[in-house]
file entry.tsv (TSV, C-alpha atoms)
chain	number	residue	atom	x	y	z
A	18	MET	CA	-25.24	-7.38	-15.62
A	19	LYS	CA	-23.75	-9.46	-12.85
A	20	LYS	CA	-24.58	-8.29	-9.37
A	21	GLY	CA	-21.33	-8.96	-7.61
A	22	CYS	CA	-17.62	-9.56	-8.01
A	23	ILE	CA	-15.33	-12.15	-6.52
A	24	ILE	CA	-11.91	-10.59	-6.19
A	25	ILE	CA	-8.94	-12.96	-6.13
A	26	PRO	CA	-5.50	-11.36	-5.75
A	27	CYS	CA	-2.82	-13.76	-7.01
A	28	PHE	CA	0.93	-13.93	-7.03
A	29	ASN	CA	2.39	-17.11	-8.51
A	30	GLU	CA	-0.67	-19.29	-7.97
A	31	ALA	CA	-0.57	-21.12	-11.34
A	32	LYS	CA	-0.97	-24.47	-9.55
A	33	ASN	CA	-4.03	-23.40	-7.57
A	34	ILE	CA	-5.91	-20.72	-9.45
A	35	ALA	CA	-7.71	-22.93	-12.00
A	36	ARG	CA	-9.01	-25.15	-9.19
A	37	VAL	CA	-10.13	-22.10	-7.19
A	38	ILE	CA	-12.00	-20.75	-10.23
A	39	ASP	CA	-13.54	-24.17	-10.93
A	40	GLU	CA	-14.81	-24.33	-7.37
A	41	LEU	CA	-16.41	-20.93	-7.83
A	42	SER	CA	-17.95	-21.75	-11.21
A	43	PRO	CA	-21.40	-22.62	-9.79
A	44	PHE	CA	-21.58	-18.91	-8.91
A	45	SER	CA	-20.16	-17.66	-12.20
A	46	GLU	CA	-23.58	-17.11	-13.77
A	47	SER	CA	-24.59	-14.53	-11.20
A	48	LEU	CA	-21.26	-12.95	-10.42
A	49	GLU	CA	-18.01	-11.98	-12.07
A	50	ILE	CA	-14.84	-13.79	-11.01
A	51	VAL	CA	-12.01	-11.26	-11.13
A	52	VAL	CA	-8.45	-12.56	-10.88
A	53	ILE	CA	-5.83	-9.91	-10.25
A	54	ASN	CA	-2.50	-11.28	-11.35
A	55	ASP	CA	0.11	-9.28	-9.44
A	56	ALA	CA	2.91	-9.62	-12.02
A	57	SER	CA	3.37	-13.33	-11.36
A	58	THR	CA	6.44	-15.00	-12.82
A	59	ASP	CA	4.62	-18.25	-13.49
A	60	ARG	CA	1.56	-19.13	-15.62
A	61	THR	CA	-1.04	-17.69	-13.21
A	62	SER	CA	-2.57	-15.42	-15.85
A	63	GLU	CA	-2.76	-18.14	-18.53
A	64	ALA	CA	-4.12	-20.70	-16.08
A	65	ALA	CA	-6.88	-18.30	-15.03
A	66	ARG	CA	-7.71	-17.33	-18.64
A	67	GLU	CA	-7.87	-20.94	-19.80
A	68	THR	CA	-10.81	-21.58	-17.48
A	69	GLY	CA	-12.80	-19.07	-19.56
A	70	LYS	CA	-14.79	-18.15	-16.45
A	71	ALA	CA	-12.74	-15.30	-15.05
A	72	THR	CA	-11.89	-11.71	-15.88
A	73	VAL	CA	-8.11	-11.49	-15.55
A	74	LEU	CA	-6.48	-8.19	-14.62
A	75	ASP	CA	-2.74	-8.39	-15.30
A	76	LEU	CA	-0.78	-5.84	-13.31
A	77	PRO	CA	2.31	-4.86	-15.35
A	78	ALA	CA	4.39	-4.46	-12.16
A	79	ASN	CA	4.16	-6.15	-8.78
A	80	LEU	CA	2.18	-4.00	-6.32
A	81	GLY	CA	1.77	-6.36	-3.37
A	82	VAL	CA	-1.51	-7.80	-2.11
A	83	GLY	CA	-3.01	-4.45	-1.09
A	84	GLY	CA	-2.46	-2.86	-4.48
A	85	ALA	CA	-3.86	-5.95	-6.21
A	86	VAL	CA	-6.98	-5.97	-4.03
A	87	GLN	CA	-7.53	-2.29	-4.73
A	88	THR	CA	-7.32	-3.00	-8.47
A	89	GLY	CA	-10.11	-5.55	-8.03
A	90	LEU	CA	-12.19	-3.08	-6.02
A	91	ARG	CA	-11.70	-0.41	-8.67
A	92	HIS	CA	-12.87	-2.92	-11.26
A	93	ALA	CA	-15.89	-3.82	-9.12
A	94	GLU	CA	-16.75	-0.14	-8.75
A	95	LYS	CA	-16.50	0.44	-12.50
A	96	ALA	CA	-18.64	-2.63	-13.15
A	97	GLY	CA	-21.27	-1.28	-10.77
A	98	ALA	CA	-21.13	-4.32	-8.49
A	99	SER	CA	-23.50	-4.26	-5.51
A	100	TRP	CA	-21.10	-6.27	-3.43
A	101	ALA	CA	-17.70	-7.91	-3.63
A	102	ILE	CA	-16.12	-10.96	-2.06
A	103	LYS	CA	-12.37	-11.11	-1.63
A	104	LEU	CA	-10.71	-14.49	-1.31
A	105	ASP	CA	-7.22	-15.93	-1.63
A	106	GLY	CA	-6.00	-17.67	-4.76
A	107	ASP	CA	-4.53	-20.62	-2.86
A	108	GLY	CA	-7.66	-22.56	-1.96
A	109	GLN	CA	-7.77	-21.55	1.72
A	110	HIS	CA	-11.21	-20.05	1.51
A	111	PRO	CA	-14.09	-22.43	0.77
A	112	PRO	CA	-16.68	-21.04	-1.69
A	113	SER	CA	-19.40	-22.75	0.34
A	114	ALA	CA	-18.96	-19.99	2.93
A	115	ILE	CA	-19.67	-17.18	0.46
A	116	ARG	CA	-23.37	-17.30	1.26
A	117	ASP	CA	-22.65	-16.79	4.98
A	118	LEU	CA	-20.36	-13.88	4.20
A	119	LEU	CA	-22.88	-12.20	1.95
A	120	GLU	CA	-25.92	-12.67	4.17
A	121	PRO	CA	-25.20	-9.67	6.50
A	122	ILE	CA	-24.28	-7.53	3.46
A	123	ILE	CA	-27.50	-8.26	1.61
A	124	SER	CA	-29.65	-7.82	4.70
A	125	GLY	CA	-27.88	-4.52	5.39
A	126	GLN	CA	-26.53	-5.52	8.81
A	127	ALA	CA	-22.90	-4.89	7.88
A	128	ASP	CA	-20.72	-2.99	5.41
A	129	ILE	CA	-17.84	-5.46	5.70
A	130	VAL	CA	-17.99	-9.12	6.70
A	131	VAL	CA	-14.84	-10.97	7.71
A	132	GLY	CA	-14.63	-14.75	7.62
A	133	SER	CA	-13.05	-15.89	10.89
A	134	ARG	CA	-11.37	-19.27	11.32
A	135	PHE	CA	-11.34	-18.79	15.10
A	136	LEU	CA	-15.09	-18.47	15.61
A	137	VAL	CA	-15.50	-22.18	14.79
A	138	ASP	CA	-14.67	-24.78	17.40
A	139	ASN	CA	-11.27	-26.25	16.66
A	140	SER	CA	-11.90	-27.27	13.12
A	141	GLY	CA	-10.27	-26.41	9.86
A	142	PHE	CA	-6.86	-24.97	9.22
A	143	ARG	CA	-5.78	-22.43	11.81
A	144	SER	CA	-2.26	-21.45	10.76
A	145	SER	CA	1.00	-22.24	12.53
A	146	PHE	CA	1.65	-21.49	16.21
A	147	ILE	CA	3.98	-18.56	15.49
A	148	ARG	CA	1.49	-17.00	13.12
A	149	ARG	CA	-1.30	-17.40	15.64
A	150	ILE	CA	0.78	-15.31	18.05
A	151	GLY	CA	0.98	-12.64	15.36
A	152	ILE	CA	-2.77	-12.86	14.77
A	153	ARG	CA	-3.44	-12.45	18.53
A	154	PHE	CA	-1.15	-9.43	18.59
A	155	PHE	CA	-3.18	-7.76	15.84
A	156	GLU	CA	-6.39	-8.77	17.58
A	157	TYR	CA	-5.36	-6.83	20.68
A	158	LEU	CA	-4.01	-3.90	18.67
A	159	CYS	CA	-7.33	-3.71	16.81
A	160	LEU	CA	-9.16	-3.88	20.15
A	161	LEU	CA	-7.02	-1.01	21.44
A	162	LEU	CA	-7.50	1.15	18.35
A	163	THR	CA	-11.12	0.40	17.48
A	164	GLY	CA	-12.60	-0.81	20.76
A	165	LYS	CA	-13.90	-3.86	18.93
A	166	ARG	CA	-12.72	-7.44	19.04
A	167	PHE	CA	-11.91	-9.14	15.77
A	168	THR	CA	-11.01	-12.77	16.32
A	169	ASP	CA	-9.29	-13.12	12.94
A	170	PRO	CA	-7.86	-9.72	11.95
A	171	THR	CA	-5.53	-11.12	9.26
A	172	SER	CA	-8.22	-13.11	7.47
A	173	GLY	CA	-8.34	-12.25	3.79
A	174	PHE	CA	-11.79	-13.75	3.26
A	175	ARG	CA	-14.06	-10.72	3.22
A	176	ALA	CA	-17.26	-9.33	1.77
A	177	TYR	CA	-17.93	-5.67	1.00
A	178	ASN	CA	-21.10	-3.77	0.17
A	179	LYS	CA	-21.35	-1.09	-2.50
A	180	ALA	CA	-20.49	1.87	-0.25
A	181	THR	CA	-17.42	0.03	1.02
A	182	ILE	CA	-16.29	-0.88	-2.51
A	183	ARG	CA	-16.52	2.77	-3.45
A	184	PHE	CA	-14.66	3.93	-0.35
A	185	MET	CA	-11.95	1.26	-0.52
A	186	ALA	CA	-11.40	1.73	-4.27
A	187	ARG	CA	-9.94	5.09	-3.23
A	188	ASN	CA	-8.60	4.59	0.28
A	189	TYR	CA	-7.56	0.96	0.51
A	190	PRO	CA	-4.33	0.63	2.54
A	191	THR	CA	-2.23	-0.61	-0.32
A	192	PHE	CA	1.22	-1.32	1.01
A	193	ASP	CA	1.75	-5.11	1.04
A	194	TYR	CA	-0.46	-7.02	3.47
A	195	SER	CA	-3.15	-4.74	4.76
A	196	GLU	CA	-5.92	-6.84	6.32
A	197	PRO	CA	-5.53	-5.52	9.90
A	198	GLU	CA	-5.06	-1.96	8.59
A	199	GLU	CA	-8.26	-2.30	6.62
A	200	LEU	CA	-10.18	-3.06	9.85
A	201	VAL	CA	-8.88	0.04	11.64
A	202	LEU	CA	-9.55	2.23	8.60
A	203	ALA	CA	-13.06	0.86	8.08
A	204	SER	CA	-13.92	1.13	11.74
A	205	LYS	CA	-12.58	4.68	11.93
A	206	SER	CA	-14.58	5.61	8.84
A	207	GLY	CA	-17.78	4.46	10.48
A	208	LEU	CA	-18.28	1.28	8.45
A	209	THR	CA	-19.92	-1.61	10.27
A	210	ILE	CA	-17.76	-4.74	10.40
A	211	LYS	CA	-19.11	-8.17	11.24
A	212	GLU	CA	-17.33	-11.48	11.63
A	213	THR	CA	-18.76	-14.79	10.55
A	214	PRO	CA	-17.35	-18.26	11.27
A	215	VAL	CA	-15.60	-19.99	8.37
A	216	ILE	CA	-13.85	-23.35	8.36
A	217	MET	CA	-10.67	-22.69	6.41
A	218	ARG	CA	-8.38	-25.09	4.60
A	219	GLU	CA	-4.65	-25.28	4.20
A	220	ARG	CA	-3.25	-23.75	1.01
A	221	TRP	CA	-3.26	-26.36	-1.73
A	222	SER	CA	0.18	-25.85	-3.17
A	223	GLY	CA	3.22	-23.64	-2.86
A	224	GLU	CA	4.52	-21.28	-0.22
A	225	SER	CA	2.80	-18.38	1.50
A	226	THR	CA	4.07	-15.02	0.38
A	227	ILE	CA	4.73	-14.05	4.00
A	228	SER	CA	7.98	-15.87	4.76
A	229	SER	CA	9.35	-16.01	8.28
A	230	THR	CA	12.31	-13.78	7.47
A	231	ILE	CA	10.17	-10.87	6.43
A	232	SER	CA	7.49	-11.42	9.04
A	233	VAL	CA	9.14	-9.22	11.69
A	234	TYR	CA	9.33	-6.42	9.17
A	235	TYR	CA	5.73	-7.15	8.22
A	236	MET	CA	4.54	-6.96	11.84
A	237	LEU	CA	6.35	-3.68	12.46
A	238	LYS	CA	5.12	-2.14	9.25
A	239	VAL	CA	1.51	-3.14	9.77
A	240	THR	CA	1.61	-1.98	13.41
A	241	LEU	CA	2.96	1.41	12.37
A	242	ALA	CA	0.40	1.70	9.59
A	243	MET	CA	-2.44	0.82	11.97
A	244	LEU	CA	-1.30	3.44	14.49
A	245	PHE	CA	-1.19	6.12	11.83
A	246	ILE	CA	-4.54	5.20	10.34
A	247	TYR	CA	-5.85	5.59	13.87
A	248	LEU	CA	-4.18	9.00	14.29
A	249	ARG	CA	-5.22	10.40	10.91
A	250	LYS	CA	-8.43	12.24	10.29
A	251	ALA	CA	-10.87	9.76	8.85
A	252	ASP	CA	-12.23	10.07	5.34
A	253	LYS	CA	-15.92	9.37	5.65
A	254	PRO	CA	-17.33	7.05	2.99
A	255	GLY	CA	-20.18	9.49	2.35
A	256	LYS	CA	-17.95	12.41	1.39
A	257	SER	CA	-16.71	10.76	-1.76
A	258	GLU	CA	-16.45	14.03	-3.69
A	259	ALA	CA	-13.61	15.17	-1.47
A	260	ASP	CA	-11.52	12.07	-2.14
A	261	ARG	CA	-7.79	12.56	-2.09
A	262	CYS	CA	-7.02	10.81	-5.32
A	263	SER	CA	-9.59	10.89	-8.02
A	264	LEU	CA	-9.73	7.64	-9.91
A	265	GLU	CA	-12.08	8.60	-12.67
B	1	MET	CA	45.92	39.47	4.36
B	2	LEU	CA	44.60	35.96	4.67
B	3	SER	CA	45.75	35.76	8.27
B	4	GLY	CA	42.21	36.30	9.60
B	5	ILE	CA	40.86	33.43	7.58
B	6	GLU	CA	41.19	29.89	8.83
B	7	ARG	CA	42.14	27.07	6.53
B	8	ILE	CA	38.80	25.34	7.02
B	9	GLN	CA	37.06	28.45	5.71
B	10	ILE	CA	39.06	28.41	2.50
B	11	ILE	CA	38.28	24.73	2.00
B	12	ALA	CA	34.60	25.31	2.79
B	13	LEU	CA	34.42	28.28	0.41
B	14	ALA	CA	36.14	26.44	-2.44
B	15	GLY	CA	34.01	23.36	-1.78
B	16	SER	CA	30.73	25.24	-1.73
B	17	ILE	CA	31.56	27.19	-4.91
B	18	LEU	CA	32.39	23.95	-6.71
B	19	PHE	CA	29.25	22.37	-5.32
B	20	MET	CA	26.99	25.24	-6.40
B	21	ALA	CA	28.57	25.26	-9.85
B	22	GLY	CA	27.93	21.52	-10.11
B	23	VAL	CA	24.26	21.84	-9.12
B	24	VAL	CA	23.74	24.76	-11.51
B	25	GLU	CA	25.33	22.78	-14.32
B	26	LEU	CA	23.08	19.79	-13.62
B	27	ILE	CA	19.99	22.03	-13.73
B	28	ARG	CA	21.26	23.62	-16.96
B	29	ARG	CA	21.65	20.18	-18.55
B	30	LYS	CA	18.16	19.25	-17.28
B	31	LYS	CA	19.54	16.41	-15.13
B	32	ILE	CA	17.83	17.87	-12.04
B	33	LYS	CA	14.43	19.53	-12.00
B	34	GLU	CA	14.53	23.05	-10.56
B	35	ALA	CA	12.04	22.09	-7.86
B	36	TYR	CA	14.28	19.29	-6.59
B	37	ALA	CA	17.42	21.44	-6.76
B	38	LEU	CA	15.92	24.17	-4.61
B	39	LEU	CA	16.99	22.71	-1.25
B	40	TRP	CA	20.50	22.03	-2.55
B	41	LEU	CA	20.86	25.62	-3.76
B	42	ILE	CA	19.43	27.15	-0.57
B	43	PHE	CA	21.76	25.19	1.70
B	44	GLY	CA	24.67	25.59	-0.71
B	45	GLY	CA	24.09	29.35	-0.54
B	46	ILE	CA	23.92	29.42	3.27
B	47	PHE	CA	27.07	27.30	3.42
B	48	MET	CA	28.89	29.62	1.02
B	49	LEU	CA	27.77	32.70	2.94
B	50	PHE	CA	29.16	31.45	6.24
B	51	SER	CA	32.32	30.24	4.56
B	52	PHE	CA	33.53	33.79	3.95
B	53	TRP	CA	31.46	35.83	6.37
B	54	LYS	CA	33.56	34.99	9.41
B	55	ASN	CA	31.95	37.46	11.82
B	56	GLY	CA	28.55	36.11	10.97
B	57	LEU	CA	29.76	32.59	11.57
B	58	ASP	CA	31.25	33.59	14.94
B	59	TYR	CA	28.06	35.39	15.89
B	60	PHE	CA	25.69	32.55	15.09
B	61	ALA	CA	28.06	29.97	16.58
B	62	GLY	CA	28.00	32.06	19.79
B	63	ILE	CA	24.20	32.08	19.80
B	64	VAL	CA	23.92	28.29	19.61
B	65	GLY	CA	26.88	27.82	21.98
B	66	ILE	CA	29.44	26.38	19.60
B	67	TYR	CA	32.99	27.18	20.77
B	68	TYR	CA	34.70	26.37	17.50
B	69	PRO	CA	32.75	28.43	14.94
B	70	PRO	CA	33.62	26.38	11.81
B	71	ALA	CA	31.83	23.47	13.50
B	72	LEU	CA	28.66	25.45	12.75
B	73	LEU	CA	29.33	24.75	9.07
B	74	PHE	CA	29.17	21.02	9.76
B	75	LEU	CA	25.95	21.48	11.71
B	76	ILE	CA	24.42	23.32	8.76
B	77	LEU	CA	25.63	20.55	6.47
B	78	ILE	CA	24.09	17.79	8.59
B	79	VAL	CA	20.76	19.62	8.95
B	80	ALA	CA	20.72	20.19	5.19
B	81	ILE	CA	21.35	16.52	4.43
B	82	ILE	CA	18.65	15.35	6.86
B	83	LEU	CA	16.08	17.78	5.43
B	84	ILE	CA	16.91	16.83	1.86
B	85	LEU	CA	16.70	13.10	2.64
B	86	ILE	CA	13.31	13.54	4.32
B	87	SER	CA	12.08	15.47	1.31
B	88	TYR	CA	13.18	12.49	-0.77
B	89	SER	CA	11.12	10.13	1.39
B	90	VAL	CA	8.13	12.37	0.74
B	91	ILE	CA	8.80	12.41	-2.99
B	92	ILE	CA	9.35	8.64	-3.13
B	93	SER	CA	6.09	8.01	-1.26
B	94	SER	CA	4.11	10.23	-3.57
B	95	GLN	CA	5.70	8.63	-6.63
B	96	ASN	CA	4.91	5.22	-5.14
B	97	ASP	CA	1.21	6.21	-5.02
B	98	LYS	CA	1.27	7.54	-8.55
B	99	ILE	CA	2.98	4.44	-9.93
B	100	ARG	CA	0.46	2.24	-8.14
B	101	ILE	CA	-2.50	4.14	-9.57
B	102	LEU	CA	-0.98	4.02	-13.06
B	103	THR	CA	-0.20	0.30	-12.79
B	104	GLN	CA	-3.77	-0.40	-11.73
B	105	GLU	CA	-5.12	1.77	-14.50
B	106	ILE	CA	-3.09	-0.15	-17.11
B	107	ALA	CA	-4.42	-3.50	-15.85
B	108	LEU	CA	-8.00	-2.17	-15.87
B	109	LEU	CA	-7.65	-0.68	-19.36
B	110	LYS	CA	-6.09	-3.86	-20.76
B	111	ALA	CA	-9.01	-5.90	-19.45
B	112	GLU	CA	-11.45	-3.36	-20.90
B	113	MET	CA	-9.71	-3.59	-24.29
B	114	GLU	CA	-9.78	-7.39	-24.29
B	115	LYS	CA	-13.48	-7.31	-23.46
B	116	ARG	CA	-14.18	-4.93	-26.37
B	117	GLU	CA	-12.11	-7.02	-28.78
B	118	LYS	CA	-14.10	-10.06	-27.77
B	119	THR	CA	-17.47	-8.38	-28.29
B	120	ASP	CA	-16.26	-6.92	-31.62
B	121	GLN	CA	-15.27	-10.38	-32.81
B	122	GLY	CA	-18.65	-11.67	-31.73
B	123	GLU	CA	-20.38	-9.08	-33.93
B	124	ASP	CA	-18.32	-9.88	-37.06

call {"tool": "encode", "arguments": {"input": "entry.tsv", "output": "structure tokens"}}
result
Amino acid sequence: MKKGCIIIPCFNEAKNIARVIDELSPFSESLEIVVINDASTDRTSEAARETGKATVLDLPANLGVGGAVQTGLRHAEKAGASWAIKLDGDGQHPPSAIRDLLEPIISGQADIVVGSRFLVDNSGFRSSFIRRIGIRFFEYLCLLLTGKRFTDPTSGFRAYNKATIRFMARNYPTFDYSEPEELVLASKSGLTIKETPVIMRERWSGESTISSTISVYYMLKVTLAMLFIYLRKADKPGKSEADRCSLE
Amino acid sequence: MLSGIERIQIIALAGSILFMAGVVELIRRKKIKEAYALLWLIFGGIFMLFSFWKNGLDYFAGIVGIYYPPALLFLILIVAIILILISYSVIISSQNDKIRILTQEIALLKAEMEKREKTDQGED
């Protein structure tokens, strides 16, 4: 049995996904590459299957990134994975950093590790100016709600330990883009979050799914969701029997 | 004999009877589930009651400080619509969760099936 899962949520990444999987193939002996195809309209699923190295989960309807990630976490839980890595299907996240992300998980220092592009000195891809303003906004909102500073709250490059997989398979904030929400939820639920520096790259091909027209809506929605996660009573990862939705 | 009844009351009464009949018919034809028709029937009933019970309308209008009692009917109507719409938001959100869980389950089951088919072929 493979010890861990690499979760890759994808929407229309046919041009990138095979290359992402190829890059990960040195790891494919020891861990399962799980591609969650979020009802893409292009050949994402076929491209991922043709590599022969990935488990492909085809969602029959588009759920958004959060719902896709949760599918991957549910799969990881079912497969009994000891840890999971989540990375984007567009080539932004270098596989060489996986070891750094996993190190605090394996040594038990953290439940969640977030790869941060802002902890490295001025190298790698750091997003556009406008987006960096958005990222700063979420950084301060996270600081306000959790009392902790996360330099890269929207980073999708993350590692989870077994307890977190189990907890997030049930409680993952699933509406669209949920990275900052995830931090507030995890922190509120008593999970330890650590950041580690990662030099990120620009997406290889195609457009980001967050276009500028919907980004104001996205900011408002995520802000509201973060506030309410903060206000709600936290589900503790330990009390898994009392979970709201049973997934078995 | 109808002198004590204002025209708006007659319209409201006729309207609410038609409305109630419509809702009942939709439930009978199984186009609306009883649970979702409950709010419509409750507010339809209240609306009908105040349409012909003029003294009651005057009394309650006086309590909330409405000088033109039939305006209370509109207030009831607006409150009813807001409550029903909010209940729809609740229902939509819960259905959203259920659809998400089902969608995920389908993807997980399909992958499981493919895996089994592959191992079965390997054994043959």

call {"tool": "closest_atom_pairs", "arguments": {"input": "entry.tsv", "of": "chain B", "to": "chain A", "cutoff": "12 Å", "atoms": "only C-alpha atoms", "output": "tab-separated table"}}
result
residue	atom	partner	partner_atom	distance
B:Ser93	CA	A:Phe192	CA	10.8
B:Ser94	CA	A:Cys262	CA	11.3
B:Asn96	CA	A:Leu80	CA	9.7
B:Asp97	CA	A:Thr191	CA	9.0
B:Lys98	CA	A:Cys262	CA	9.5
B:Ile99	CA	A:Leu80	CA	9.2
B:Arg100	CA	A:Leu80	CA	6.7
B:Ile101	CA	A:Leu264	CA	8.0
B:Leu102	CA	A:Pro77	CA	9.7
B:Thr103	CA	A:Leu76	CA	6.2
B:Gln104	CA	A:Thr88	CA	5.5
B:Glu105	CA	A:Thr88	CA	8.0
B:Ile106	CA	A:Leu76	CA	7.2
B:Ala107	CA	A:Leu76	CA	5.0
B:Leu108	CA	A:Leu74	CA	6.3
B:Leu109	CA	A:Leu74	CA	9.0
B:Lys110	CA	A:Leu74	CA	7.5
B:Ala111	CA	A:Leu74	CA	5.9
B:Glu112	CA	A:Leu74	CA	9.4
B:Met113	CA	A:Leu74	CA	11.2
B:Glu114	CA	A:Thr72	CA	9.7
B:Lys115	CA	A:Thr72	CA	8.9

call {"tool": "closest_residue", "arguments": {"input": "entry.tsv", "among": "A:Thr68, A:Ser172, A:Ser62, A:Ser204", "to": "A:Glu30", "atoms": "all atoms listed in the file"}}
result
A:Ser62

call {"tool": "atom_distance", "arguments": {"input": "entry.tsv", "atom1": "atom CA of A:Ile216", "atom2": "atom CA of A:Val233"}}
result
27.2 Å

call {"tool": "residues_around", "arguments": {"input": "entry.tsv", "residues": "stretch 23-27 of chain B", "least_positions_apart": "6", "cutoff": "8 Å", "atoms": "all atoms listed in the file", "output": "list in words"}}
result
Lys33, Glu34, Ala37, Trp40 and Leu41 of chain B

call {"tool": "residues_around", "arguments": {"input": "entry.tsv", "residues": "B:Gly44", "least_positions_apart": "6", "cutoff": "9 Å", "atoms": "all atoms listed in the file", "output": "ChimeraX atom specification"}}
result
/B:16-17,19-20,77,80

call {"tool": "residues_near_point", "arguments": {"input": "entry.tsv", "point": "(-4.1, -6.5, 1.6)", "cutoff": "7 Å", "atoms": "all atoms listed in the file", "output": "mmCIF file with C-alpha atoms, keeping the file's coordinate frame"}}
result
data_model
loop_
_atom_site.group_PDB
_atom_site.id
_atom_site.type_symbol
_atom_site.label_atom_id
_atom_site.label_comp_id
_atom_site.auth_asym_id
_atom_site.auth_seq_id
_atom_site.Cartn_x
_atom_site.Cartn_y
_atom_site.Cartn_z
ATOM 1 C CA VAL A 82 -1.510 -7.800 -2.110
ATOM 2 C CA GLY A 83 -3.010 -4.450 -1.090
ATOM 3 C CA VAL A 86 -6.980 -5.970 -4.030
ATOM 4 C CA THR A 191 -2.230 -0.610 -0.320
ATOM 5 C CA ASP A 193 1.750 -5.110 1.040
ATOM 6 C CA TYR A 194 -0.460 -7.020 3.470
ATOM 7 C CA SER A 195 -3.150 -4.740 4.760
ATOM 8 C CA GLU A 196 -5.920 -6.840 6.320
#

call {"tool": "residues_near_point", "arguments": {"input": "entry.tsv", "point": "(29.0, 33.3, 8.6)", "cutoff": "12 Å", "atoms": "only C-alpha atoms", "output": "list in words"}}
result
Ile5, Gln9, Ala12, Leu13, Gly45, Ile46, Phe47, Met48, Leu49, Phe50, Ser51, Phe52, Trp53, Lys54, Asn55, Gly56, Leu57, Asp58, Tyr59, Phe60, Ala61, Gly62, Pro69, Pro70, Ala71, Leu72, Leu73 and Ile76 of chain B

call {"tool": "atom_distance", "arguments": {"input": "entry.tsv", "atom1": "atom CA of A:Asp169", "atom2": "atom CA of A:Val130"}}
result
11.4 Å

call {"tool": "atom_distance", "arguments": {"input": "entry.tsv", "atom1": "atom CA of A:Thr163", "atom2": "atom CA of A:Val201"}}
result
6.3 Å

call {"tool": "residues_around", "arguments": {"input": "entry.tsv", "residues": "stretch 148-159 of chain A", "least_positions_apart": "6", "cutoff": "7 Å", "atoms": "only C-alpha atoms", "output": "ChimeraX atom specification"}}
result
/A:165-171,197,201

call {"tool": "write_last_selection", "arguments": {"input": "entry.tsv", "atoms": "C-alpha atoms", "output": "PDB file, in the frame of the given file"}}
result
ATOM      1  CA  LYS A 165     -13.900  -3.860  18.930  1.00  0.00           C
ATOM      2  CA  ARG A 166     -12.720  -7.440  19.040  1.00  0.00           C
ATOM      3  CA  PHE A 167     -11.910  -9.140  15.770  1.00  0.00           C
ATOM      4  CA  THR A 168     -11.010 -12.770  16.320  1.00  0.00           C
ATOM      5  CA  ASP A 169      -9.290 -13.120  12.940  1.00  0.00           C
ATOM      6  CA  PRO A 170      -7.860  -9.720  11.950  1.00  0.00           C
ATOM      7  CA  THR A 171      -5.530 -11.120   9.260  1.00  0.00           C
ATOM      8  CA  PRO A 197      -5.530  -5.520   9.900  1.00  0.00           C
ATOM      9  CA  VAL A 201      -8.880   0.040  11.640  1.00  0.00           C
TER      10      VAL A 201
END

call {"tool": "residues_around", "arguments": {"input": "entry.tsv", "residues": "A:Ile246", "least_positions_apart": "3", "cutoff": "12 Å", "atoms": "only C-alpha atoms", "output": "PDB file with C-alpha atoms, keeping the file's coordinate frame"}}
result
ATOM      1  CA  CYS A 159      -7.330  -3.710  16.810  1.00  0.00           C
ATOM      2  CA  LEU A 162      -7.500   1.150  18.350  1.00  0.00           C
ATOM      3  CA  THR A 163     -11.120   0.400  17.480  1.00  0.00           C
ATOM      4  CA  ASN A 188      -8.600   4.590   0.280  1.00  0.00           C
ATOM      5  CA  TYR A 189      -7.560   0.960   0.510  1.00  0.00           C
ATOM      6  CA  PRO A 190      -4.330   0.630   2.540  1.00  0.00           C
ATOM      7  CA  SER A 195      -3.150  -4.740   4.760  1.00  0.00           C
ATOM      8  CA  PRO A 197      -5.530  -5.520   9.900  1.00  0.00           C
ATOM      9  CA  GLU A 198      -5.060  -1.960   8.590  1.00  0.00           C
ATOM     10  CA  GLU A 199      -8.260  -2.300   6.620  1.00  0.00           C
ATOM     11  CA  LEU A 200     -10.180  -3.060   9.850  1.00  0.00           C
ATOM     12  CA  VAL A 201      -8.880   0.040  11.640  1.00  0.00           C
ATOM     13  CA  LEU A 202      -9.550   2.230   8.600  1.00  0.00           C
ATOM     14  CA  ALA A 203     -13.060   0.860   8.080  1.00  0.00           C
ATOM     15  CA  SER A 204     -13.920   1.130  11.740  1.00  0.00           C
ATOM     16  CA  LYS A 205     -12.580   4.680  11.930  1.00  0.00           C
ATOM     17  CA  SER A 206     -14.580   5.610   8.840  1.00  0.00           C
ATOM     18  CA  VAL A 239       1.510  -3.140   9.770  1.00  0.00           C
ATOM     19  CA  THR A 240       1.610  -1.980  13.410  1.00  0.00           C
ATOM     20  CA  LEU A 241       2.960   1.410  12.370  1.00  0.00           C
ATOM     21  CA  ALA A 242       0.400   1.700   9.590  1.00  0.00           C
ATOM     22  CA  MET A 243      -2.440   0.820  11.970  1.00  0.00           C
ATOM     23  CA  ARG A 249      -5.220  10.400  10.910  1.00  0.00           C
ATOM     24  CA  LYS A 250      -8.430  12.240  10.290  1.00  0.00           C
ATOM     25  CA  ALA A 251     -10.870   9.760   8.850  1.00  0.00           C
ATOM     26  CA  ASP A 252     -12.230  10.070   5.340  1.00  0.00           C
TER      27      ASP A 252
END

call {"tool": "closest_residue", "arguments": {"input": "entry.tsv", "among": "B:Gly122, B:Ile84, B:Ile10, B:Arg116", "to": "B:Tyr36", "atoms": "all atoms listed in the file"}}
result
B:Ile84
